[in-house]
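Visitor: The structure under discussion is supplied below as structure tokens; questions concerning it will follow.
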Amino acid sequence: MLFGTDKRVIVSQCEGCGHVTAIGDDKFCDAYPNPAAKWMAGSCNLGTHVQRKLGGETKKVNPLKASKKAMKGKA
Ligand code: SF4
């Protein structure tokens, strides 16, 4: 038990995160008590080292506006 809570040690995916706190030989997460559960359903949303992909390269084009631009020669 750590500070009155049931904190568990971090998992390998947590290495490099800013929320990792080392206490003695063990490392804990200061944002979430059970890191293994956080990583069970995908990557942790609180991880500072997790790279997130935003949106995509696909851009929606309104066909009406595209046709007007094409007529003006702006392509
Ligand atoms: S915030 Fe997420 S990734 Fe970072 S140590 Fe805690 S559980 Fe691991």
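Residues in the structure tokens are numbered from 1 in each chain, the chains being A, B, ... in the order shown, and ligands are numbered from 1 in the order shown.
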Kindly work out which residues sit at most 8 Å from ligand 1, using only C-alpha atoms and all ligand atoms, and give the list as a list in words.

Guide: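 With only C-alpha atoms and all ligand atoms and a cut-off of 8 Å, ligand 1 is contacted by Ile10, Val11, Gln13, Cys14, Glu15, Gly16, Cys17, Gly18, His19, Val20, Phe28, Cys29, Asp30, Ala31, Tyr32, Pro33, Asn34, Pro35, Ala36, Lys38, Trp39, Ser43, Cys44, Asn45, Leu46, Gly47, Thr48, His49 and Val50 of chain A.
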
Visitor: Using DSSP on the backbone coordinates, identify the residues of stretch 4-60 of chain A assigned to alpha helix (DSSP H); present them as a ChimeraX atom specification.

Guide: /A:35-40

Visitor: What separation in Å, quoted to one decimal, exists between atom CA of A:Met40 and atom CA of A:Leu54?

Guide: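 Atom CA of A:Leu54 lies 21.6 Å from atom CA of A:Met40.
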
Visitor: From a DSSP calculation on the backbone, collect every residue of stretch 11-70 of chain A in strand (DSSP E) and output the set as a PDB file with N, CA, C and O atoms, in the first residue's frame.

Guide:
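To be explicit, this is the file written out as states25.pdb:
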ATOM      1  N   VAL A  20       5.522   8.971 -14.267  1.00  0.00           N
ATOM      2  CA  VAL A  20       6.181   7.893 -13.535  1.00  0.00           C
ATOM      3  C   VAL A  20       6.959   8.479 -12.355  1.00  0.00           C
ATOM      4  O   VAL A  20       7.714   9.434 -12.505  1.00  0.00           O
ATOM      5  N   THR A  21       6.724   7.918 -11.192  1.00  0.00           N
ATOM      6  CA  THR A  21       7.424   8.324  -9.981  1.00  0.00           C
ATOM      7  C   THR A  21       8.131   7.110  -9.411  1.00  0.00           C
ATOM      8  O   THR A  21       7.509   6.073  -9.222  1.00  0.00           O
ATOM      9  N   ALA A  22       9.423   7.240  -9.149  1.00  0.00           N
ATOM     10  CA  ALA A  22      10.187   6.134  -8.575  1.00  0.00           C
ATOM     11  C   ALA A  22      10.190   6.259  -7.066  1.00  0.00           C
ATOM     12  O   ALA A  22      10.524   7.302  -6.515  1.00  0.00           O
ATOM     13  N   ILE A  23       9.769   5.197  -6.421  1.00  0.00           N
ATOM     14  CA  ILE A  23       9.813   5.138  -4.965  1.00  0.00           C
ATOM     15  C   ILE A  23      10.580   3.873  -4.615  1.00  0.00           C
ATOM     16  O   ILE A  23      10.097   2.764  -4.819  1.00  0.00           O
ATOM     17  N   ASP A  26      10.821   0.534  -6.941  1.00  0.00           N
ATOM     18  CA  ASP A  26       9.604   0.406  -7.747  1.00  0.00           C
ATOM     19  C   ASP A  26       9.212   1.744  -8.365  1.00  0.00           C
ATOM     20  O   ASP A  26       9.513   2.802  -7.832  1.00  0.00           O
ATOM     21  N   LYS A  27       8.531   1.664  -9.483  1.00  0.00           N
ATOM     22  CA  LYS A  27       8.032   2.864 -10.158  1.00  0.00           C
ATOM     23  C   LYS A  27       6.512   2.827 -10.172  1.00  0.00           C
ATOM     24  O   LYS A  27       5.921   1.786 -10.463  1.00  0.00           O
ATOM     25  N   PHE A  28       5.919   3.980  -9.871  1.00  0.00           N
ATOM     26  CA  PHE A  28       4.463   4.086  -9.829  1.00  0.00           C
ATOM     27  C   PHE A  28       4.015   5.235 -10.714  1.00  0.00           C
ATOM     28  O   PHE A  28       4.797   6.105 -11.076  1.00  0.00           O
ATOM     29  N   CYS A  29       2.730   5.205 -11.044  1.00  0.00           N
ATOM     30  CA  CYS A  29       2.141   6.283 -11.819  1.00  0.00           C
ATOM     31  C   CYS A  29       1.462   7.240 -10.846  1.00  0.00           C
ATOM     32  O   CYS A  29       0.704   6.801  -9.982  1.00  0.00           O
TER      33      CYS A  29
END

Visitor: Rank nothing, just name the residue among A:Met71, A:Ala37, A:Asp25, A:Pro63 nearest to A:Arg8, using only C-alpha atoms.

Guide: A:Ala37

Visitor: Can you measure atom CA of A:Ser12 to atom CA of A:Gly42 for me? One decimal in Å is fine.

Guide: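 These atoms are spaced 13.6 Å apart.
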